[in-house]
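Peer 1: Sending over model_9.cif (mmCIF, C-alpha atoms).
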```cif
data_coords
loop_
_atom_site.label_atom_id
_atom_site.label_comp_id
_atom_site.auth_asym_id
_atom_site.auth_seq_id
_atom_site.Cartn_x
_atom_site.Cartn_y
_atom_site.Cartn_z
CA MET A 1 -0.77 14.18 24.80
CA ASN A 2 2.02 11.66 25.11
CA TYR A 3 4.04 10.86 22.08
CA GLU A 4 6.56 8.09 22.13
CA ILE A 5 9.68 8.93 20.21
CA SER A 6 11.24 5.80 18.77
CA GLU A 7 15.00 5.88 18.72
CA PRO A 8 17.73 3.81 17.05
CA ASN A 9 18.94 0.80 19.05
CA ASP A 10 22.48 2.11 19.00
CA PRO A 11 22.63 5.88 18.43
CA THR A 12 26.42 6.24 19.00
CA PHE A 13 26.90 7.03 15.29
CA TYR A 14 25.04 10.31 15.82
CA GLY A 15 27.36 11.36 18.70
CA ASP A 16 26.20 14.47 20.56
CA ASN A 17 23.82 15.31 17.73
CA ILE A 18 21.29 12.84 19.12
CA VAL A 19 20.51 15.50 21.73
CA LEU A 20 19.58 17.95 18.97
CA PHE A 21 17.38 15.35 17.26
CA ARG A 22 15.59 14.59 20.52
CA PHE A 23 15.11 18.29 21.09
CA LEU A 24 13.64 18.73 17.61
CA ALA A 25 11.34 15.71 18.05
CA LYS A 26 10.07 17.05 21.39
CA ASP A 27 9.60 20.50 19.94
CA ILE A 28 7.43 19.25 17.08
CA CYS A 29 5.38 17.22 19.58
CA ASN A 30 4.73 20.37 21.61
CA THR A 31 3.84 22.26 18.45
CA LEU A 32 1.34 19.54 17.49
CA ASP A 33 -0.16 19.59 20.97
CA CYS A 34 -0.81 23.31 20.63
CA TYR A 35 -2.51 22.70 17.29
CA ARG A 36 -4.70 19.91 18.62
CA THR A 37 -5.76 21.96 21.62
CA GLN A 38 -6.52 24.89 19.35
CA CYS A 39 -8.61 22.66 17.04
CA LYS A 40 -10.63 21.27 19.91
CA ASN A 41 -11.33 24.77 21.17
CA ASP A 42 -12.18 26.16 17.74
CA ASP A 43 -14.36 23.47 16.23
CA LYS A 44 -14.51 20.71 18.80
CA ARG A 45 -12.78 18.14 16.70
CA ASP A 46 -9.24 16.82 16.88
CA LYS A 47 -8.16 16.40 13.26
CA ILE A 48 -5.36 14.02 14.15
CA GLU A 49 -5.97 10.31 14.69
CA HIS A 50 -2.47 9.38 15.72
CA VAL A 51 1.14 10.42 15.47
CA LYS A 52 4.39 8.50 15.17
CA ILE A 53 7.80 10.05 15.63
CA ARG A 54 11.13 8.41 15.09
CA ILE A 55 14.80 9.17 14.86
CA LYS A 56 16.11 7.27 11.86
CA GLY A 57 17.87 3.95 12.44
CA VAL A 58 21.59 4.09 11.72
CA GLN A 59 21.54 1.12 9.35
CA SER A 60 18.79 2.57 7.18
CA LEU A 61 20.53 5.97 7.22
CA LYS A 62 23.77 4.45 5.95
CA GLU A 63 21.93 2.49 3.26
CA LYS A 64 20.23 5.67 2.09
CA LEU A 65 23.60 7.46 1.78
CA LEU A 66 25.16 4.54 -0.09
CA LEU A 67 22.14 4.41 -2.41
CA ARG A 68 22.78 8.06 -3.25
CA GLY A 69 26.46 7.29 -3.93
CA MET A 70 27.80 8.95 -0.77
CA GLU A 71 30.15 7.76 1.94
CA PRO A 72 28.13 6.79 5.03
CA THR A 73 29.60 9.48 7.28
CA LEU A 74 27.88 11.63 9.89
CA LYS A 75 28.85 14.79 8.01
CA ASN A 76 27.20 13.55 4.81
CA ALA A 77 24.13 12.49 6.76
CA LEU A 78 23.72 15.87 8.44
CA GLU A 79 24.20 17.72 5.18
CA ASN A 80 22.11 15.55 2.85
CA ILE A 81 19.51 13.53 4.68
CA THR A 82 16.39 15.47 5.60
CA ASP A 83 14.47 12.73 7.41
CA ILE A 84 16.76 11.87 10.31
CA VAL A 85 13.89 13.11 12.41
CA GLY A 86 10.60 11.96 10.93
CA ILE A 87 7.03 12.39 12.03
CA ARG A 88 3.95 10.76 10.60
CA ILE A 89 0.58 12.36 11.23
CA VAL A 90 -2.52 10.32 10.45
CA THR A 91 -5.89 12.02 10.01
CA SER A 92 -9.46 10.81 9.50
CA PHE A 93 -10.25 12.80 6.36
CA ILE A 94 -8.44 14.12 3.33
CA ASP A 95 -9.13 17.80 3.97
CA ASP A 96 -7.61 17.36 7.43
CA VAL A 97 -4.34 16.39 5.72
CA TYR A 98 -4.26 19.76 4.00
CA LYS A 99 -5.38 21.64 7.11
CA VAL A 100 -2.51 20.16 9.13
CA ALA A 101 -0.07 20.95 6.31
CA ASP A 102 -1.35 24.53 6.17
CA TYR A 103 -0.81 24.84 9.90
CA PHE A 104 2.88 24.05 9.51
CA GLY A 105 3.04 26.77 6.88
CA THR A 106 1.85 29.36 9.42
CA LEU A 107 4.51 28.60 12.04
CA LEU A 108 7.21 31.19 12.54
CA SER A 109 9.70 28.80 14.10
CA TYR A 110 9.57 26.33 11.20
CA GLU A 111 10.14 26.89 7.53
CA VAL A 112 8.49 24.57 4.99
CA THR A 113 11.30 24.07 2.47
CA ILE A 114 9.79 21.29 0.34
CA LYS A 115 6.19 20.19 -0.17
CA LYS A 116 5.43 17.02 -2.14
CA ASP A 117 1.77 16.25 -2.72
CA TYR A 118 1.52 12.55 -3.52
CA ILE A 119 -2.24 12.77 -3.01
CA ALA A 120 -2.71 15.04 -6.01
CA THR A 121 -0.07 13.08 -7.90
CA PRO A 122 0.32 9.58 -6.47
CA LYS A 123 3.56 7.65 -6.96
CA PRO A 124 3.39 5.04 -9.77
CA ASN A 125 2.93 2.23 -7.22
CA GLY A 126 -0.17 3.98 -5.81
CA TYR A 127 1.47 5.62 -2.77
CA ARG A 128 -0.57 8.56 -1.52
CA SER A 129 0.57 10.96 1.18
CA LEU A 130 1.58 14.59 1.68
CA HIS A 131 5.24 15.16 2.52
CA LEU A 132 6.79 18.30 3.97
CA ILE A 133 10.38 19.04 4.78
CA LEU A 134 10.59 21.47 7.68
CA LYS A 135 13.64 23.43 8.74
CA LYS A 136 14.22 24.85 12.19
CA GLU A 137 17.09 26.73 13.76
CA ILE A 138 17.91 24.86 16.95
CA SER A 139 19.78 26.66 19.72
CA ILE A 140 21.14 24.69 22.61
CA GLU A 141 23.58 26.37 24.94
CA ASN A 142 25.85 28.31 22.59
CA ILE A 143 25.29 26.29 19.47
CA THR A 144 22.77 27.26 16.81
CA CYS A 145 22.27 25.08 13.79
CA PRO A 146 19.56 24.48 11.21
CA LEU A 147 17.95 21.03 11.33
CA ASN A 148 15.61 19.38 8.86
CA MET A 149 12.80 17.01 9.51
CA GLU A 150 10.31 15.16 7.35
CA VAL A 151 6.58 15.27 8.01
CA GLN A 152 4.30 12.71 6.35
CA ILE A 153 0.60 13.47 6.57
CA ARG A 154 -2.04 11.05 5.37
CA THR A 155 -5.44 9.54 6.11
CA VAL A 156 -6.03 6.35 8.09
CA MET A 157 -6.71 4.51 4.83
CA MET A 158 -3.59 5.79 3.11
CA ASP A 159 -1.61 4.81 6.19
CA ALA A 160 -2.95 1.26 6.26
CA TRP A 161 -2.12 0.95 2.57
CA ALA A 162 1.40 2.32 3.05
CA SER A 163 2.16 -0.09 5.87
CA LEU A 164 1.37 -3.06 3.59
CA GLU A 165 3.31 -1.59 0.70
CA HIS A 166 6.28 -1.03 3.01
CA GLN A 167 6.33 -4.73 3.88
CA LEU A 168 6.19 -5.64 0.23
CA LYS A 169 9.15 -3.39 -0.51
CA TYR A 170 11.43 -4.52 2.28
CA LYS A 171 10.62 -8.18 2.83
CA LYS A 172 12.58 -10.29 0.44
CA GLU A 173 10.88 -13.64 0.98
CA ILE A 174 7.46 -12.65 -0.45
CA SER A 175 6.42 -14.78 -3.41
CA GLU A 176 3.98 -13.49 -6.04
CA LYS A 177 5.32 -9.98 -5.54
CA SER A 178 4.12 -8.67 -8.87
CA ILE A 179 0.51 -9.72 -8.39
CA ILE A 180 0.50 -8.25 -4.89
CA ALA A 181 1.95 -4.99 -6.20
CA LYS A 182 -0.75 -4.90 -8.87
CA GLU A 183 -3.48 -5.54 -6.31
CA LEU A 184 -2.09 -2.86 -4.00
CA LYS A 185 -2.12 -0.38 -6.86
CA ARG A 186 -5.75 -1.22 -7.62
CA LEU A 187 -6.69 -0.92 -3.94
CA SER A 188 -4.95 2.41 -3.67
CA GLY A 189 -7.37 3.79 -6.28
CA GLU A 190 -10.29 2.18 -4.53
CA MET A 191 -9.31 3.50 -1.11
CA ALA A 192 -8.71 7.01 -2.45
CA SER A 193 -12.14 6.79 -4.00
CA THR A 194 -13.67 5.79 -0.65
CA ASP A 195 -11.73 8.54 1.15
CA LEU A 196 -13.33 11.06 -1.22
CA CYS A 197 -16.82 9.58 -0.70
CA LEU A 198 -16.36 9.95 3.06
CA GLU A 199 -15.22 13.52 2.51
CA SER A 200 -18.35 14.23 0.42
CA ILE A 201 -20.61 12.80 3.10
CA LYS A 202 -18.81 14.80 5.77
CA GLU A 203 -19.60 17.93 3.79
CA MET A 204 -23.28 16.97 3.62
CA LEU A 205 -23.52 16.77 7.42
CA PRO A 206 -23.90 19.90 9.56
CA GLN A 207 -20.52 21.62 9.69
CA LYS A 208 -20.77 22.26 13.43
CA TRP A 209 -19.91 18.60 13.93
CA PHE A 210 -16.56 19.09 12.24
CA MET B 1 -37.94 1.69 -30.50
CA LYS B 2 -36.58 4.93 -31.87
CA LEU B 3 -34.47 4.93 -35.03
CA LEU B 4 -32.55 7.54 -36.96
CA LEU B 5 -32.40 7.24 -40.73
CA ALA B 6 -29.71 9.19 -42.58
CA GLU B 7 -30.28 8.81 -46.33
CA ASP B 8 -29.86 11.57 -48.92
CA GLU B 9 -32.08 10.07 -51.65
CA ILE B 10 -35.38 11.65 -50.73
CA ASP B 11 -37.58 9.05 -52.45
CA LEU B 12 -35.81 6.13 -50.84
CA SER B 13 -35.85 7.91 -47.50
CA ASP B 14 -39.62 8.56 -47.70
CA ALA B 15 -40.28 4.95 -48.61
CA LEU B 16 -38.14 3.67 -45.72
CA VAL B 17 -39.80 6.04 -43.23
CA ALA B 18 -43.20 4.75 -44.32
CA LEU B 19 -42.05 1.15 -44.06
CA LEU B 20 -40.48 1.59 -40.62
CA LYS B 21 -43.41 3.55 -39.23
CA HIS B 22 -45.70 0.82 -40.48
CA ASN B 23 -43.58 -1.61 -38.48
CA ASN B 24 -44.04 0.36 -35.25
CA TYR B 25 -40.75 2.16 -35.11
CA THR B 26 -40.47 5.83 -34.19
CA ILE B 27 -38.23 7.37 -36.82
CA ASP B 28 -36.36 10.62 -37.48
CA ALA B 29 -35.16 11.14 -41.04
CA VAL B 30 -32.17 13.33 -41.96
CA TYR B 31 -30.55 13.89 -45.34
CA ASN B 32 -26.86 14.52 -44.76
CA GLY B 33 -24.05 13.47 -42.42
CA ALA B 34 -23.80 16.72 -40.46
CA GLU B 35 -27.52 16.65 -39.67
CA ALA B 36 -27.19 13.02 -38.68
CA LEU B 37 -24.47 13.88 -36.13
CA ASP B 38 -26.58 16.70 -34.69
CA TYR B 39 -29.50 14.36 -34.18
CA ILE B 40 -27.31 11.60 -32.75
CA ARG B 41 -25.79 14.00 -30.24
CA ASN B 42 -29.13 15.40 -29.16
CA ASP B 43 -31.27 12.34 -28.92
CA ASP B 44 -31.11 8.81 -27.66
CA TYR B 45 -31.73 6.32 -30.48
CA ASP B 46 -32.03 2.59 -30.20
CA ALA B 47 -30.41 2.15 -33.61
CA ILE B 48 -29.12 4.26 -36.49
CA ILE B 49 -29.29 3.56 -40.22
CA LEU B 50 -26.52 5.38 -42.09
CA ASP B 51 -26.09 5.64 -45.82
CA ILE B 52 -22.40 5.80 -46.72
CA MET B 53 -22.54 8.20 -49.65
CA MET B 54 -24.03 11.38 -48.20
CA PRO B 55 -23.32 15.09 -48.66
CA VAL B 56 -21.47 17.25 -46.08
CA LYS B 57 -20.27 14.22 -44.11
CA THR B 58 -20.21 10.63 -45.29
CA GLY B 59 -21.80 7.85 -43.26
CA LEU B 60 -18.31 6.58 -42.39
CA GLU B 61 -17.31 9.99 -41.00
CA VAL B 62 -20.48 10.13 -38.93
CA LEU B 63 -19.80 6.63 -37.61
CA GLU B 64 -16.20 7.47 -36.76
CA GLU B 65 -17.13 10.63 -34.87
CA MET B 66 -19.97 9.15 -32.89
CA ARG B 67 -17.88 6.15 -31.82
CA LYS B 68 -15.02 8.46 -30.83
CA GLU B 69 -17.49 10.34 -28.64
CA GLY B 70 -18.31 7.07 -26.93
CA ASN B 71 -21.71 6.57 -28.54
CA GLY B 72 -22.29 2.82 -28.81
CA THR B 73 -25.74 2.90 -30.47
CA PRO B 74 -26.05 0.04 -33.00
CA VAL B 75 -25.44 1.19 -36.57
CA LEU B 76 -26.60 -0.39 -39.82
CA MET B 77 -24.70 0.93 -42.85
CA LEU B 78 -26.30 1.13 -46.28
CA THR B 79 -23.78 0.64 -49.10
CA ALA B 80 -23.79 0.45 -52.86
CA LYS B 81 -23.21 -3.15 -53.92
CA SER B 82 -19.70 -2.75 -55.29
CA GLN B 83 -18.20 -0.87 -52.33
CA ILE B 84 -16.45 -3.79 -50.59
CA GLU B 85 -13.82 -1.45 -49.15
CA ASP B 86 -16.53 0.67 -47.53
CA LYS B 87 -18.21 -2.35 -46.00
CA VAL B 88 -14.94 -3.53 -44.44
CA LYS B 89 -14.05 -0.06 -43.25
CA GLY B 90 -17.51 0.49 -41.79
CA LEU B 91 -17.50 -2.80 -39.90
CA ASP B 92 -13.99 -2.18 -38.61
CA MET B 93 -15.00 1.27 -37.42
CA GLY B 94 -17.77 -0.14 -35.29
CA ALA B 95 -20.77 -0.57 -37.58
CA ASP B 96 -22.91 -3.49 -36.48
CA ASP B 97 -24.04 -4.61 -39.91
CA TYR B 98 -24.34 -3.47 -43.49
CA LEU B 99 -26.88 -3.86 -46.20
CA ALA B 100 -26.10 -3.49 -49.90
CA LYS B 101 -28.49 -1.52 -52.10
CA PRO B 102 -30.85 -2.47 -53.57
CA PHE B 103 -32.34 -4.51 -50.75
CA HIS B 104 -35.60 -6.19 -49.91
CA SER B 105 -37.68 -4.50 -47.22
CA LYS B 106 -38.01 -7.77 -45.31
CA GLU B 107 -34.24 -8.09 -45.14
CA LEU B 108 -33.87 -4.52 -43.87
CA LEU B 109 -36.40 -5.14 -41.10
CA ALA B 110 -34.71 -8.42 -40.12
CA ARG B 111 -31.30 -6.74 -39.95
CA ILE B 112 -32.69 -3.90 -37.83
CA ARG B 113 -34.19 -6.46 -35.45
CA ALA B 114 -30.83 -8.26 -35.36
CA ILE B 115 -28.78 -5.16 -34.49
CA LEU B 116 -31.31 -4.17 -31.85
CA ARG B 117 -30.80 -7.56 -30.23
CA ARG B 118 -27.07 -6.95 -30.17
CA LYS B 119 -27.48 -3.45 -28.72
CA SER B 120 -24.56 -2.27 -26.58
CA ASP B 121 -22.21 -4.85 -28.10
CA PHE B 122 -19.87 -2.15 -29.30
CA LEU B 123 -18.28 -0.32 -26.43
CA PRO B 124 -15.07 1.61 -26.66
CA GLY B 125 -12.77 0.50 -23.82
CA CYS B 126 -12.12 4.03 -22.72
CA LEU B 127 -14.28 7.16 -22.75
CA GLU B 128 -12.53 10.50 -22.89
CA PHE B 129 -13.64 14.06 -22.27
CA GLY B 130 -11.35 16.98 -21.47
CA ASN B 131 -8.28 15.60 -19.71
CA VAL B 132 -10.32 12.84 -18.07
CA SER B 133 -10.59 9.21 -19.11
CA LEU B 134 -13.02 6.60 -17.87
CA ASN B 135 -11.77 3.06 -18.29
CA ARG B 136 -14.57 0.58 -18.85
CA SER B 137 -12.56 -2.49 -18.03
CA ASN B 138 -11.24 -1.46 -14.61
CA TYR B 139 -13.77 1.33 -13.82
CA GLU B 140 -11.03 3.85 -13.22
CA LEU B 141 -11.57 7.57 -13.57
CA GLY B 142 -8.25 9.24 -14.19
CA VAL B 143 -6.14 12.16 -15.31
CA ASP B 144 -2.63 11.12 -16.33
CA GLY B 145 -1.21 8.94 -13.57
CA ASN B 146 -3.84 9.68 -10.95
CA ALA B 147 -6.66 7.17 -11.19
CA LEU B 148 -9.54 6.51 -8.82
CA ARG B 149 -11.61 3.39 -8.97
CA LEU B 150 -15.32 4.12 -9.09
CA GLY B 151 -18.04 2.08 -7.47
CA ASN B 152 -20.71 0.48 -9.64
CA LYS B 153 -23.35 3.25 -9.53
CA GLU B 154 -20.77 6.04 -9.69
CA PHE B 155 -19.23 4.40 -12.75
CA GLN B 156 -22.57 4.10 -14.51
CA MET B 157 -23.39 7.74 -13.82
CA MET B 158 -20.02 8.91 -15.07
CA GLU B 159 -20.39 6.68 -18.12
CA LEU B 160 -23.77 8.20 -18.93
CA LEU B 161 -22.36 11.72 -18.51
CA MET B 162 -19.27 11.01 -20.62
CA GLN B 163 -21.32 9.39 -23.38
CA ASN B 164 -23.34 12.60 -23.59
CA PRO B 165 -20.88 15.43 -22.91
CA ALA B 166 -22.42 18.90 -22.69
CA HIS B 167 -25.91 17.45 -22.66
CA LEU B 168 -28.34 17.85 -19.87
CA ILE B 169 -29.33 14.54 -18.32
CA SER B 170 -32.33 14.66 -16.05
CA THR B 171 -32.29 13.34 -12.51
CA GLU B 172 -35.16 11.05 -13.50
CA LYS B 173 -33.12 9.63 -16.37
CA PHE B 174 -30.23 8.77 -14.02
CA MET B 175 -32.74 7.13 -11.71
CA GLU B 176 -34.41 5.17 -14.48
CA ARG B 177 -31.21 4.08 -16.24
CA ILE B 178 -29.12 3.25 -13.19
CA TRP B 179 -31.41 2.44 -10.29
CA GLY B 180 -34.31 1.19 -12.39
CA PHE B 181 -37.99 2.03 -12.04
CA ASP B 182 -38.74 -0.25 -9.18
CA ALA B 183 -35.76 0.57 -6.99
CA ASP B 184 -36.27 1.41 -3.33
CA ALA B 185 -33.86 4.31 -3.69
CA GLU B 186 -35.15 7.84 -3.30
CA ILE B 187 -34.47 10.31 -6.07
CA ASN B 188 -32.00 12.37 -4.01
CA VAL B 189 -29.59 9.46 -4.16
CA VAL B 190 -28.66 10.93 -7.56
CA TRP B 191 -27.49 14.12 -5.87
CA VAL B 192 -25.37 12.09 -3.40
CA TYR B 193 -23.61 10.28 -6.23
CA ILE B 194 -23.16 13.51 -8.18
CA SER B 195 -21.41 14.89 -5.06
CA TYR B 196 -19.07 11.89 -5.02
CA LEU B 197 -18.21 12.34 -8.67
CA ARG B 198 -17.65 16.08 -8.28
CA LYS B 199 -15.31 15.51 -5.37
CA LYS B 200 -13.40 12.93 -7.39
CA LEU B 201 -13.14 15.06 -10.50
CA SER B 202 -11.74 17.94 -8.49
CA SER B 203 -9.32 15.70 -6.62
CA ILE B 204 -7.73 14.45 -9.84
CA HIS B 205 -7.56 18.01 -11.20
CA ALA B 206 -9.98 17.35 -14.03
CA ASN B 207 -10.69 20.18 -16.44
CA ILE B 208 -14.32 19.09 -16.65
CA LEU B 209 -17.11 19.51 -14.15
CA ILE B 210 -20.67 18.40 -13.54
CA LYS B 211 -22.95 21.38 -13.90
CA ALA B 212 -26.34 21.35 -12.23
CA THR B 213 -29.37 22.97 -13.76
CA ARG B 214 -31.72 23.48 -10.88
CA GLY B 215 -34.78 21.28 -11.01
CA VAL B 216 -33.76 19.74 -14.32
CA GLY B 217 -30.59 17.70 -14.16
CA TYR B 218 -26.86 17.60 -14.73
CA SER B 219 -24.44 18.01 -17.60
CA LEU B 220 -20.74 17.45 -18.07
CA GLU B 221 -18.93 20.61 -19.15
CA LYS B 222 -15.35 21.69 -19.74
CA THR B 223 -14.04 24.30 -17.33
CA ASP B 224 -12.87 27.58 -18.78
CA ASP B 225 -9.15 27.22 -18.04
#
```
With the file now loaded, output its structure as structure tokens.
Peer 2:
Amino acid sequence: MNYEISEPNDPTFYGDNIVLFRFLAKDICNTLDCYRTQCKNDDKRDKIEHVKIRIKGVQSLKEKLLLRGMEPTLKNALENITDIVGIRIVTSFIDDVYKVADYFGTLLSYEVTIKKDYIATPKPNGYRSLHLILKKEISIENITCPLNMEVQIRTVMMDAWASLEHQLKYKKEISEKSIIAKELKRLSGEMASTDLCLESIKEMLPQKWF
Amino acid sequence: MKLLLAEDEIDLSDALVALLKHNNYTIDAVYNGAEALDYIRNDDYDAIILDIMMPVKTGLEVLEEMRKEGNGTPVLMLTAKSQIEDKVKGLDMGADDYLAKPFHSKELLARIRAILRRKSDFLPGCLEFGNVSLNRSNYELGVDGNALRLGNKEFQMMELLMQNPAHLISTEKFMERIWGFDADAEINVVWVYISYLRKKLSSIHANILIKATRGVGYSLEKTDD
């Protein structure tokens, strides 16, 4: 499968490290490919709808550091920011979210250092998703260093919701923000409810289809 | 129409039972507050007549407990004439009407007809059982911050279960109350909606579950942990 890795417009801030980030991004893509092939062989169904991978934009990285009260330096970024490489995995059903997350837990080359389940406990605004922070020792030529990456796993519905919420958060010119936020929160509960109905129906159908 | 009469004066109770039966009501008579609560929890009445001054539990205590449990059955309180405080308290706690003793039988019958017309007027905004709440204004089923919005039929089923916790509700009753007698739906639609609700309860980490009794129906129970 071909994954397009989106990169910052001007990655000079990252210096030579960009090579490591690209390496990590490619590695996780290969890992996912193995998983998808394995799924298709085992139960004939690819659990993943689509995947997005990106190396964090420099502007948003600096803003994140400043927001945390840190100087926007490369050293601070490498030491404190865990989502310079980020991957979003979108699945059809809720139990697929957990199956994909479990898969990452079985990998020897990656360590799951943090798991945040915003599906079991949604954020106050209604955000639902499962987040993992993965750590991997990267060795290129004679250098070995640990790198972090963030994995967000969610259903198609949660993803559609999150993309709207993201716009609401970052676009300043939206009027009626509070009513939209309230509606999004309501819809989040409705969509989660529908996700669970779909899951129930899936379980009623012969399991060989899944 | 099925009524419950809770009145500890045996003579008055017997007279009322005779009067109500004569007027085509089905009636259960009990003689103290604790008995009244038992009957209320185990049966489905169209209206309840509660005397305030009763042994074991007063009529006000019975009213308070049944409303807390989400039971919205219309209640007519019987009070002694001077007990203004009791009347106010009873009405504020969700009684639908009161009648001061002594009263004329015609007035009692008229007031019963009136509260039956207003049936389901009193509804607590939120039903609670275990760690789960069901909000009647936005149809959300939730535990702490995690709330799911239920669809119309799902909400009605959950409402029926939460109004009667730990009581077996038959599949036919769900059908009759929610889909109606003449619905096109087949009876196994109940099982589909029970599956939805079960999935939702487990996803919000509820400490209650819907237990099935094979061939009979479903009941809402607390889990052991």
Peer 1: Take CA of Glu35 in chain B and CA of Asp96 in chain B and report the distance between them in Å, one decimal.
Peer 2: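 Here the two named atoms are 20.9 Å from each other.
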Peer 1: Would you pick out the contacts of range 197-209 of chain B at 7 Å or less, using only C-alpha atoms, so that residues sharing its chain but fewer than 4 positions from it are not included, and give the list as a PyMOL selection string?
Peer 2: (chain A and resi 120+196+200) or (chain B and resi 130-132+142-143+146+154+193+220-223)
Peer 1: By how many Å are CA of Ser188 in chain A and CA of Lys64 in chain A apart?
Peer 2: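 Atom-to-atom, CA of Ser188 in chain A and CA of Lys64 in chain A are spaced 26.0 Å apart.
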Peer 1: Please report the interatomic distance between CA of Ala95 in chain B and CA of Tyr25 in chain B in Å with one decimal.
Peer 2: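 CA of Ala95 in chain B sits 20.3 Å away from CA of Tyr25 in chain B.
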Peer 1: Starting from the shown file, work through the PyMOL selection byres ((chain A) within 7 of (chain B)) and note down what comes out as a PyMOL selection string.
Peer 2: chain A and resi 120-122+189-190+192-193+196-197+200
Peer 1: So which residues get picked by the PyMOL selection byres ((chain B and resi 212) around 12) here, written as a list in words?
Peer 2: Ala166, His167, Leu168, Ile169, Ser170, Thr171, Val190, Trp191, Ile194, Ser195, Arg198, Leu209, Ile210, Lys211, Thr213, Arg214, Gly215, Val216, Gly217, Tyr218, Ser219, Leu220 and Glu221 of chain B
Peer 1: Running the PyMOL selection byres ((chain A and resi 50) around 7) on this model by hand, what would come out? Give it as a ChimeraX atom specification.
Peer 2: /A:48-49,51-52,89-90
Peer 1: Identify, on the basis of all atoms listed in the file, every residue whose closest approach to range 155-164 of chain A does not exceed 8 Å; exclude the query and any residue fewer than 2 positions from it along the same chain; express the result as a compact mmCIF listing (two decimals) with C-alpha atoms, keeping the file's coordinate frame.
Peer 2:
```txt
# COMPACT_ATOMS: atom_id res chain seq x y z
CA GLU A 49 -5.97 10.31 14.69
CA VAL A 90 -2.52 10.32 10.45
CA THR A 91 -5.89 12.02 10.01
CA SER A 92 -9.46 10.81 9.50
CA PHE A 93 -10.25 12.80 6.36
CA ILE A 94 -8.44 14.12 3.33
CA VAL A 97 -4.34 16.39 5.72
CA TYR A 127 1.47 5.62 -2.77
CA ARG A 128 -0.57 8.56 -1.52
CA SER A 129 0.57 10.96 1.18
CA ILE A 153 0.60 13.47 6.57
CA HIS A 166 6.28 -1.03 3.01
CA GLN A 167 6.33 -4.73 3.88
CA LEU A 168 6.19 -5.64 0.23
CA LEU A 184 -2.09 -2.86 -4.00
CA SER A 188 -4.95 2.41 -3.67
CA MET A 191 -9.31 3.50 -1.11
CA ALA A 192 -8.71 7.01 -2.45
CA ASP A 195 -11.73 8.54 1.15
```
Peer 1: Leaving out Ile112 in chain B and any residue of its chain fewer than 5 positions from it, which residues lie within 10 Å of it when counting only C-alpha atoms, given as a CSV table (one decimal) with C-alpha atoms, in the coordinates of the input?
Peer 2:
```
chain,number,residue,atom,x,y,z
B,3,LEU,CA,-34.5,4.9,-35.0
B,20,LEU,CA,-40.5,1.6,-40.6
B,47,ALA,CA,-30.4,2.2,-33.6
B,48,ILE,CA,-29.1,4.3,-36.5
B,49,ILE,CA,-29.3,3.6,-40.2
B,74,PRO,CA,-26.0,0.0,-33.0
B,75,VAL,CA,-25.4,1.2,-36.6
B,76,LEU,CA,-26.6,-0.4,-39.8
B,96,ASP,CA,-22.9,-3.5,-36.5
B,97,ASP,CA,-24.0,-4.6,-39.9
B,106,LYS,CA,-38.0,-7.8,-45.3
B,107,GLU,CA,-34.2,-8.1,-45.1
B,117,ARG,CA,-30.8,-7.6,-30.2
B,118,ARG,CA,-27.1,-7.0,-30.2
```
Peer 1: Of the candidates A:Ile140, A:Gln152, A:Leu134, A:Leu198, which one gets nearest to Asp117 in chain A if we count only C-alpha atoms?
Peer 2: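 Result for the nearest residue to Asp117 in chain A: A:Gln152.
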Peer 1: With a distance cut-off of 9 Å and all atoms listed in the file, select the neighbouring residues of Leu78 in chain A, excluding the residue or stretch itself and same-chain residues fewer than 6 positions from it, and output the selection as an MDAnalysis selection string.
Peer 2: chainID A and resid 84 147:148
Peer 1: As a PDB file with C-alpha atoms, keeping the file's coordinate frame, please: the residues near Thr31 in chain A (cut-off 12 Å, only C-alpha atoms, same-chain neighbours under 5 positions excluded).
Peer 2:
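Result written to out-v7.pdb:
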```pdb
ATOM      1  CA  MET A   1      -0.770  14.180  24.800  1.00  0.00           C
ATOM      2  CA  TYR A   3       4.040  10.860  22.080  1.00  0.00           C
ATOM      3  CA  LEU A  24      13.640  18.730  17.610  1.00  0.00           C
ATOM      4  CA  ALA A  25      11.340  15.710  18.050  1.00  0.00           C
ATOM      5  CA  LYS A  26      10.070  17.050  21.390  1.00  0.00           C
ATOM      6  CA  ARG A  36      -4.700  19.910  18.620  1.00  0.00           C
ATOM      7  CA  THR A  37      -5.760  21.960  21.620  1.00  0.00           C
ATOM      8  CA  GLN A  38      -6.520  24.890  19.350  1.00  0.00           C
ATOM      9  CA  VAL A 100      -2.510  20.160   9.130  1.00  0.00           C
ATOM     10  CA  TYR A 103      -0.810  24.840   9.900  1.00  0.00           C
ATOM     11  CA  PHE A 104       2.880  24.050   9.510  1.00  0.00           C
ATOM     12  CA  THR A 106       1.850  29.360   9.420  1.00  0.00           C
ATOM     13  CA  LEU A 107       4.510  28.600  12.040  1.00  0.00           C
ATOM     14  CA  LEU A 108       7.210  31.190  12.540  1.00  0.00           C
ATOM     15  CA  SER A 109       9.700  28.800  14.100  1.00  0.00           C
ATOM     16  CA  TYR A 110       9.570  26.330  11.200  1.00  0.00           C
TER      17      TYR A 110
END
```
